[in-house]
file run18.cif (mmCIF, C-alpha atoms)
data_upload
loop_
_atom_site.label_atom_id
_atom_site.label_comp_id
_atom_site.auth_asym_id
_atom_site.auth_seq_id
_atom_site.Cartn_x
_atom_site.Cartn_y
_atom_site.Cartn_z
CA MET A 1 0.00 0.00 0.00
CA SER A 2 1.30 3.36 -0.90
CA THR A 3 -0.17 6.74 -1.64
CA PHE A 4 -0.59 6.05 -5.32
CA ASN A 5 -1.66 2.46 -4.93
CA VAL A 6 -3.62 2.18 -8.17
CA ILE A 7 -0.44 2.74 -10.14
CA GLY A 8 1.29 -0.05 -8.25
CA VAL A 9 -1.60 -2.47 -8.75
CA ALA A 10 -1.91 -1.67 -12.45
CA SER A 11 1.83 -2.11 -12.87
CA THR A 12 1.54 -5.71 -11.61
CA GLY A 13 -1.06 -6.29 -14.33
CA VAL A 14 1.23 -4.72 -16.90
CA THR A 15 4.03 -7.05 -15.80
CA VAL A 16 1.82 -10.14 -16.07
CA TYR A 17 0.67 -9.28 -19.58
CA ARG A 18 4.17 -8.37 -20.68
CA LYS A 19 5.27 -11.84 -19.63
CA TRP A 20 2.34 -13.30 -21.52
CA LEU A 21 3.46 -11.33 -24.58
CA ASP A 22 6.98 -12.69 -24.03
CA ALA A 23 5.62 -16.24 -23.88
CA VAL A 24 3.55 -15.81 -27.04
CA SER A 25 6.45 -14.30 -28.92
CA ASP A 26 8.63 -17.19 -27.76
CA ASN A 27 6.06 -19.69 -29.00
CA ILE A 28 5.71 -17.99 -32.37
CA ALA A 29 9.46 -17.65 -32.77
CA ASN A 30 9.89 -21.39 -32.26
CA ILE A 31 6.78 -22.55 -34.08
CA ASP A 32 8.69 -24.05 -37.01
CA ASN A 33 11.40 -25.75 -34.99
CA VAL A 34 12.19 -29.26 -36.12
CA SER A 35 13.83 -31.82 -33.87
CA ARG A 36 14.77 -35.47 -34.03
CA THR A 37 12.17 -37.97 -32.88
CA SER A 38 14.64 -39.04 -30.19
CA ASP A 39 14.63 -35.48 -28.79
CA LYS A 40 11.87 -33.36 -27.29
CA ALA A 41 9.87 -31.01 -29.45
CA PHE A 42 9.82 -27.34 -28.48
CA GLN A 43 7.34 -27.02 -25.61
CA ALA A 44 4.90 -24.13 -25.81
CA ARG A 45 5.10 -21.67 -22.91
CA TYR A 46 1.90 -20.85 -21.05
CA VAL A 47 1.87 -18.11 -18.41
CA ILE A 48 0.04 -18.96 -15.19
CA ALA A 49 -1.55 -15.72 -14.02
CA GLN A 50 -2.87 -15.51 -10.48
CA GLU A 51 -3.76 -13.05 -7.74
CA ALA A 52 -0.76 -11.43 -6.08
CA GLN A 53 0.13 -12.90 -2.71
CA ASP A 54 -0.14 -9.56 -0.92
CA GLY A 55 -3.59 -9.04 -2.44
CA ASN A 56 -2.52 -6.08 -4.56
CA GLY A 57 -2.82 -6.95 -8.21
CA ALA A 58 -1.72 -9.99 -10.16
CA GLN A 59 1.42 -12.02 -10.54
CA VAL A 60 2.84 -14.76 -12.70
CA GLY A 61 2.69 -17.97 -10.67
CA GLY A 62 4.82 -19.91 -13.09
CA ILE A 63 5.17 -21.11 -16.65
CA ALA A 64 3.35 -24.24 -17.79
CA LEU A 65 4.93 -26.15 -20.64
CA GLY A 66 3.07 -27.72 -23.55
CA SER A 67 3.54 -31.19 -24.96
CA ALA A 68 7.10 -32.43 -25.30
CA GLN A 69 5.86 -35.05 -27.77
CA GLY A 70 4.90 -32.37 -30.24
CA LEU A 71 3.58 -33.52 -33.57
CA LEU A 72 5.23 -36.20 -35.66
CA SER A 73 5.72 -35.01 -39.18
CA TYR A 74 6.75 -37.13 -42.16
CA GLU A 75 9.69 -35.34 -43.75
CA PRO A 76 12.06 -37.95 -45.15
CA ASP A 77 14.16 -35.25 -46.85
CA SER A 78 15.03 -33.57 -43.55
CA PRO A 79 18.54 -34.28 -42.27
CA LEU A 80 16.94 -34.72 -38.83
CA ALA A 81 14.50 -37.40 -39.97
CA ASP A 82 14.70 -40.81 -38.31
CA THR A 83 14.92 -44.11 -40.22
CA GLU A 84 11.19 -44.03 -40.89
CA GLY A 85 11.36 -40.43 -42.14
CA TYR A 86 9.71 -38.68 -39.21
CA VAL A 87 10.69 -35.51 -37.32
CA ARG A 88 9.13 -33.73 -34.35
CA ARG A 89 7.48 -30.34 -34.63
CA PRO A 90 6.11 -28.31 -31.72
CA ASP A 91 2.40 -28.72 -30.97
CA ILE A 92 1.59 -25.02 -31.32
CA ASP A 93 -1.33 -23.56 -33.24
CA LEU A 94 -0.39 -20.26 -34.87
CA GLY A 95 -4.01 -19.10 -34.97
CA GLY A 96 -4.36 -19.73 -31.25
CA GLN A 97 -1.11 -17.89 -30.54
CA MET A 98 -2.26 -14.90 -32.58
CA ALA A 99 -5.52 -14.81 -30.61
CA GLN A 100 -3.53 -14.91 -27.37
CA LEU A 101 -1.31 -12.16 -28.73
CA ILE A 102 -4.33 -9.91 -29.26
CA MET A 103 -5.70 -10.70 -25.80
CA ALA A 104 -2.38 -10.02 -24.11
CA GLN A 105 -1.84 -6.81 -26.05
CA ARG A 106 -5.29 -5.45 -25.31
CA ALA A 107 -5.03 -6.37 -21.63
CA TYR A 108 -1.61 -4.69 -21.44
CA GLN A 109 -3.10 -1.55 -22.94
CA ALA A 110 -6.05 -1.75 -20.55
CA ASN A 111 -3.70 -1.74 -17.57
CA ILE A 112 -1.78 1.18 -19.02
CA SER A 113 -5.12 2.99 -19.40
CA VAL A 114 -5.79 2.40 -15.72
CA VAL A 115 -2.46 4.06 -14.90
CA ASP A 116 -3.34 6.94 -17.20
CA ARG A 117 -6.72 7.55 -15.60
CA ALA A 118 -5.32 7.12 -12.10
CA ARG A 119 -2.63 9.68 -12.83
CA ASP A 120 -5.26 12.17 -14.03
CA ALA A 121 -7.37 11.50 -10.95
CA TYR A 122 -4.43 11.92 -8.55
CA ALA A 123 -3.33 15.06 -10.37
CA ALA A 124 -6.84 16.49 -9.98
CA ALA A 125 -6.76 15.68 -6.27
CA ILE A 126 -3.39 17.39 -5.88
CA GLN A 127 -4.66 20.35 -7.91
CA LEU A 128 -7.49 20.66 -5.40
CA GLY A 129 -4.96 21.19 -2.64
CA LYS A 130 -3.11 23.98 -4.46
CA MET B 1 -10.90 18.49 10.57
CA ARG B 2 -9.34 17.38 13.79
CA THR B 3 -6.18 15.47 13.29
CA VAL B 4 -2.93 15.24 15.14
CA VAL B 5 -1.28 17.09 12.32
CA THR B 6 -2.83 20.34 13.46
CA SER B 7 -0.48 20.34 16.45
CA PRO B 8 1.62 23.28 15.14
CA ILE B 9 -1.47 25.36 15.70
CA GLY B 10 -2.15 23.64 18.99
CA ALA B 11 1.23 24.78 20.23
CA ILE B 12 -0.14 28.30 20.34
CA SER B 13 -2.15 27.21 23.31
CA GLY B 14 -3.18 30.69 24.31
CA ILE B 15 -5.40 31.06 21.30
CA SER B 16 -6.52 27.51 20.93
CA GLY B 17 -9.98 28.51 21.96
CA VAL B 18 -10.39 30.61 18.87
CA SER B 19 -12.56 28.35 16.83
CA GLY B 20 -11.72 30.29 13.72
CA LEU B 21 -8.42 28.43 13.62
CA ASN B 22 -10.26 25.31 12.63
CA ALA B 23 -11.48 27.23 9.64
CA VAL B 24 -7.94 27.46 8.31
CA ASN B 25 -8.70 24.81 5.77
CA GLY B 26 -5.13 24.72 4.66
CA LEU B 27 -4.25 22.70 7.72
CA GLY B 28 -6.75 20.09 6.71
CA GLY B 29 -4.70 19.67 3.59
CA LEU B 30 -1.70 18.80 5.72
CA SER B 31 -3.31 15.52 6.69
CA GLY B 32 -2.23 14.27 3.29
CA VAL B 33 1.17 13.78 4.88
CA ASN B 34 -0.23 10.75 6.65
CA GLY B 35 -0.83 9.11 3.34
CA LEU B 36 2.61 9.94 2.03
CA GLY B 37 4.39 7.46 4.18
CA GLY B 38 1.51 5.05 4.08
CA LEU B 39 1.35 5.38 7.81
CA GLY B 40 -0.80 6.89 10.46
CA ARG B 41 -3.80 6.55 8.19
CA ALA B 42 -5.66 4.70 10.91
CA ALA B 43 -4.66 7.28 13.49
CA ALA B 44 -5.98 10.11 11.35
CA ALA B 45 -9.24 8.31 10.70
CA SER B 46 -9.90 7.36 14.30
CA GLY B 47 -10.36 10.98 15.31
CA VAL B 48 -7.37 11.57 17.54
CA PRO B 49 -7.95 14.70 19.68
CA ALA B 50 -6.36 17.73 18.15
CA VAL B 51 -3.70 18.39 20.76
CA ALA B 52 -3.12 14.84 21.96
CA PRO B 53 0.56 13.96 21.70
CA SER B 54 0.81 10.75 19.71
CA GLY B 55 4.58 10.68 19.40
CA GLN B 56 4.32 11.59 15.71
CA SER B 57 5.14 15.23 15.26
CA PHE B 58 4.31 17.05 12.07
CA ALA B 59 8.00 17.37 11.33
CA SER B 60 8.61 13.62 11.60
CA LEU B 61 5.59 12.86 9.46
CA LEU B 62 6.83 15.31 6.87
CA ALA B 63 10.29 13.75 7.01
CA GLN B 64 8.86 10.28 6.45
CA GLY B 65 6.77 11.59 3.57
CA LEU B 66 9.85 13.17 2.02
CA GLN B 67 11.75 9.91 2.38
CA SER B 68 8.95 8.10 0.59
CA VAL B 69 9.06 10.64 -2.24
CA GLN B 70 12.84 10.35 -2.34
CA ALA B 71 12.55 6.56 -2.63
CA ALA B 72 10.19 6.95 -5.57
CA GLN B 73 12.62 9.35 -7.23
CA THR B 74 15.54 7.00 -6.68
CA ASN B 75 13.55 4.13 -8.16
CA ALA B 76 12.67 6.21 -11.23
CA ASP B 77 16.32 7.27 -11.57
CA SER B 78 17.61 3.70 -11.48
CA LEU B 79 15.06 2.69 -14.11
CA ALA B 80 16.13 5.66 -16.24
CA ILE B 81 19.68 4.31 -16.08
CA GLN B 82 18.35 0.93 -17.22
CA VAL B 83 16.73 2.67 -20.18
CA ALA B 84 20.06 4.23 -21.05
CA ASP B 85 22.10 1.04 -20.87
CA GLY B 86 19.43 -1.07 -22.53
CA THR B 87 18.73 -3.49 -19.68
CA LEU B 88 15.16 -2.36 -19.03
CA SER B 89 12.76 -5.26 -19.61
CA ASP B 90 9.63 -3.16 -19.97
CA PRO B 91 9.40 0.53 -20.90
CA ALA B 92 6.16 0.83 -18.96
CA ARG B 93 8.05 0.14 -15.74
CA TYR B 94 10.02 3.34 -16.19
CA THR B 95 7.12 5.50 -17.27
CA MET B 96 4.99 4.31 -14.36
CA ALA B 97 7.78 4.84 -11.83
CA ALA B 98 8.37 8.31 -13.26
CA THR B 99 4.66 9.07 -13.04
CA GLU B 100 4.58 7.95 -9.42
CA ALA B 101 7.64 10.02 -8.55
CA GLN B 102 6.20 13.06 -10.30
CA LEU B 103 2.88 12.76 -8.47
CA GLY B 104 4.68 12.34 -5.17
CA LEU B 105 6.72 15.46 -5.81
CA GLN B 106 3.62 17.45 -6.78
CA LEU B 107 1.87 16.31 -3.61
CA THR B 108 4.91 17.29 -1.56
CA THR B 109 5.04 20.77 -3.03
CA ALA B 110 1.29 21.19 -2.58
CA ILE B 111 1.63 20.29 1.10
CA ARG B 112 4.66 22.53 1.51
CA ASN B 113 2.80 25.44 -0.05
CA LYS B 114 -0.16 24.84 2.24
CA ALA B 115 2.10 24.75 5.27
CA VAL B 116 3.73 28.03 4.27
CA ASP B 117 0.29 29.53 3.62
CA ALA B 118 -0.86 28.49 7.07
CA PHE B 119 2.25 29.95 8.67
CA GLN B 120 1.82 33.25 6.83
CA GLU B 121 -1.84 33.33 7.77
CA ILE B 122 -0.90 33.09 11.42
CA MET B 123 1.84 35.68 11.13
CA ARG B 124 -0.63 38.04 9.52
CA MET B 125 -2.73 37.94 12.69
CA GLN B 126 -0.10 40.06 14.43
CA ALA B 127 -0.60 42.90 11.99
#
call {"tool": "encode", "arguments": {"input": "run18.cif", "output": "structure tokens"}}
result
Amino acid sequence: MSTFNVIGVASTGVTVYRKWLDAVSDNIANIDNVSRTSDKAFQARYVIAQEAQDGNGAQVGGIALGSAQGLLSYEPDSPLADTEGYVRRPDIDLGGQMAQLIMAQRAYQANISVVDRARDAYAAAIQLGK
Amino acid sequence: MRTVVTSPIGAISGISGVSGLNAVNGLGGLSGVNGLGGLGRAAAASGVPAVAPSGQSFASLLAQGLQSVQAAQTNADSLAIQVADGTLSDPARYTMAATEAQLGLQLTTAIRNKAVDAFQEIMRMQA
């Protein structure tokens, strides 16, 4: 708790959604990774958002990982293909990631808007005392 | 508004009966100092008698408030350095810290101006 608490609370939301944006960008950056069938596929990152422990705002509780199995893809020409011609690709849906990207971006902006309005409100309160 | 913060006025005990002093609204504005340090909020709300000594003088409250503002400024400064050397993870962190520091400084100056106004108002009574 501080004098300008709203700004602190909104900043926790901003941090959570920034990490979500980080996770989505990580997933999209690695969406075309190819690995051997003996190795793990790239595991999608999912942010676990939860209420902050001190009750002020939100926090990232951890990162959940997607399937390590990924999707088996038949690409006999790939140098990484196994004897049967298969490789692993990450089990990530680009459409789903883009939807998450929009949600995270809009929520980030919403939290910034809260800061903006709170600043105006606090400034008006201070103006009253002048 | 009867808070412990009005004690500078209370010190002029000879004229404490003049109810007009309570009308110096500027002193009411001083109670914002309680919020600055995030302390004494409960004490201000629970209607402490105006002259009761609570161990928290106006000067110490003001000092704590200034320290809180100083901490916000220091935080904003360190984030500004992170902007400069490229280690800042999120630009919003800096802008929000700067906003908070700026608001804190504005509040401090508003309180300071009110305190000076109150002092001058009292000095004017001699004339």
call {"tool": "closest_atom_pairs", "arguments": {"input": "run18.cif", "of": "region 1-101 of chain A", "to": "region 90-97 of chain B", "cutoff": "9 Å", "atoms": "only C-alpha atoms", "output": "tab-separated table"}}
result
residue	atom	partner	partner_atom	distance
A:Ile7	CA	B:Met96	CA	7.1
A:Gly8	CA	B:Met96	CA	8.4
A:Ser11	CA	B:Arg93	CA	7.2
A:Val14	CA	B:Ala92	CA	7.7
A:Thr15	CA	B:Asp90	CA	8.0
A:Arg18	CA	B:Asp90	CA	7.6
call {"tool": "resolve_selection", "arguments": {"input": "run18.cif", "expression": "the PyMOL selection byres ((chain A) within 7 of (chain B))", "output": "NGL selection string"}}
result
:A and (1-4 or 123 or 126 or 129-130)
call {"tool": "residues_around", "arguments": {"input": "run18.cif", "residues": "Ile31 (chain A)", "least_positions_apart": "2", "cutoff": "9 Å", "atoms": "all atoms listed in the file", "output": "ChimeraX atom specification"}}
result
/A:26-29,33-34,42,44,89-94
call {"tool": "resolve_selection", "arguments": {"input": "run18.cif", "expression": "the PyMOL selection byres ((chain A and resi 59-65) around 9)", "output": "PyMOL selection string"}}
result
chain A and resi 12-13+15-16+19-20+23+43-53+57-58+66-68
call {"tool": "atom_distance", "arguments": {"input": "run18.cif", "atom1": "CA of Leu21 (chain A)", "atom2": "CA of Ala84 (chain B)"}}
result
23.0 Å
call {"tool": "residues_around", "arguments": {"input": "run18.cif", "residues": "Ser78 (chain B)", "least_positions_apart": "3", "cutoff": "12 Å", "atoms": "all atoms listed in the file", "output": "mmCIF file with C-alpha atoms, keeping the file's coordinate frame"}}
result
data_model
loop_
_atom_site.group_PDB
_atom_site.id
_atom_site.type_symbol
_atom_site.label_atom_id
_atom_site.label_comp_id
_atom_site.auth_asym_id
_atom_site.auth_seq_id
_atom_site.Cartn_x
_atom_site.Cartn_y
_atom_site.Cartn_z
ATOM 1 C CA ALA B 71 12.550 6.560 -2.630
ATOM 2 C CA ALA B 72 10.190 6.950 -5.570
ATOM 3 C CA GLN B 73 12.620 9.350 -7.230
ATOM 4 C CA THR B 74 15.540 7.000 -6.680
ATOM 5 C CA ASN B 75 13.550 4.130 -8.160
ATOM 6 C CA ILE B 81 19.680 4.310 -16.080
ATOM 7 C CA GLN B 82 18.350 0.930 -17.220
ATOM 8 C CA VAL B 83 16.730 2.670 -20.180
ATOM 9 C CA ALA B 84 20.060 4.230 -21.050
ATOM 10 C CA ASP B 85 22.100 1.040 -20.870
ATOM 11 C CA THR B 87 18.730 -3.490 -19.680
ATOM 12 C CA LEU B 88 15.160 -2.360 -19.030
ATOM 13 C CA ARG B 93 8.050 0.140 -15.740
ATOM 14 C CA TYR B 94 10.020 3.340 -16.190
ATOM 15 C CA ALA B 97 7.780 4.840 -11.830
ATOM 16 C CA ALA B 98 8.370 8.310 -13.260
#
call {"tool": "atom_distance", "arguments": {"input": "run18.cif", "atom1": "CA of Ser73 (chain A)", "atom2": "CA of Leu101 (chain A)"}}
result
26.1 Å
call {"tool": "resolve_selection", "arguments": {"input": "run18.cif", "expression": "the PyMOL selection byres ((chain A and resi 87) around 8)", "output": "list in words"}}
result
Val34, Ser35, Arg36, Thr37, Leu72, Ser73, Tyr74, Glu75, Ser78, Leu80, Ala81, Asp82, Gly85, Tyr86, Arg88 and Arg89 of chain A
call {"tool": "atom_distance", "arguments": {"input": "run18.cif", "atom1": "CA of Ile112 (chain A)", "atom2": "CA of Asn56 (chain A)"}}
result
16.2 Å
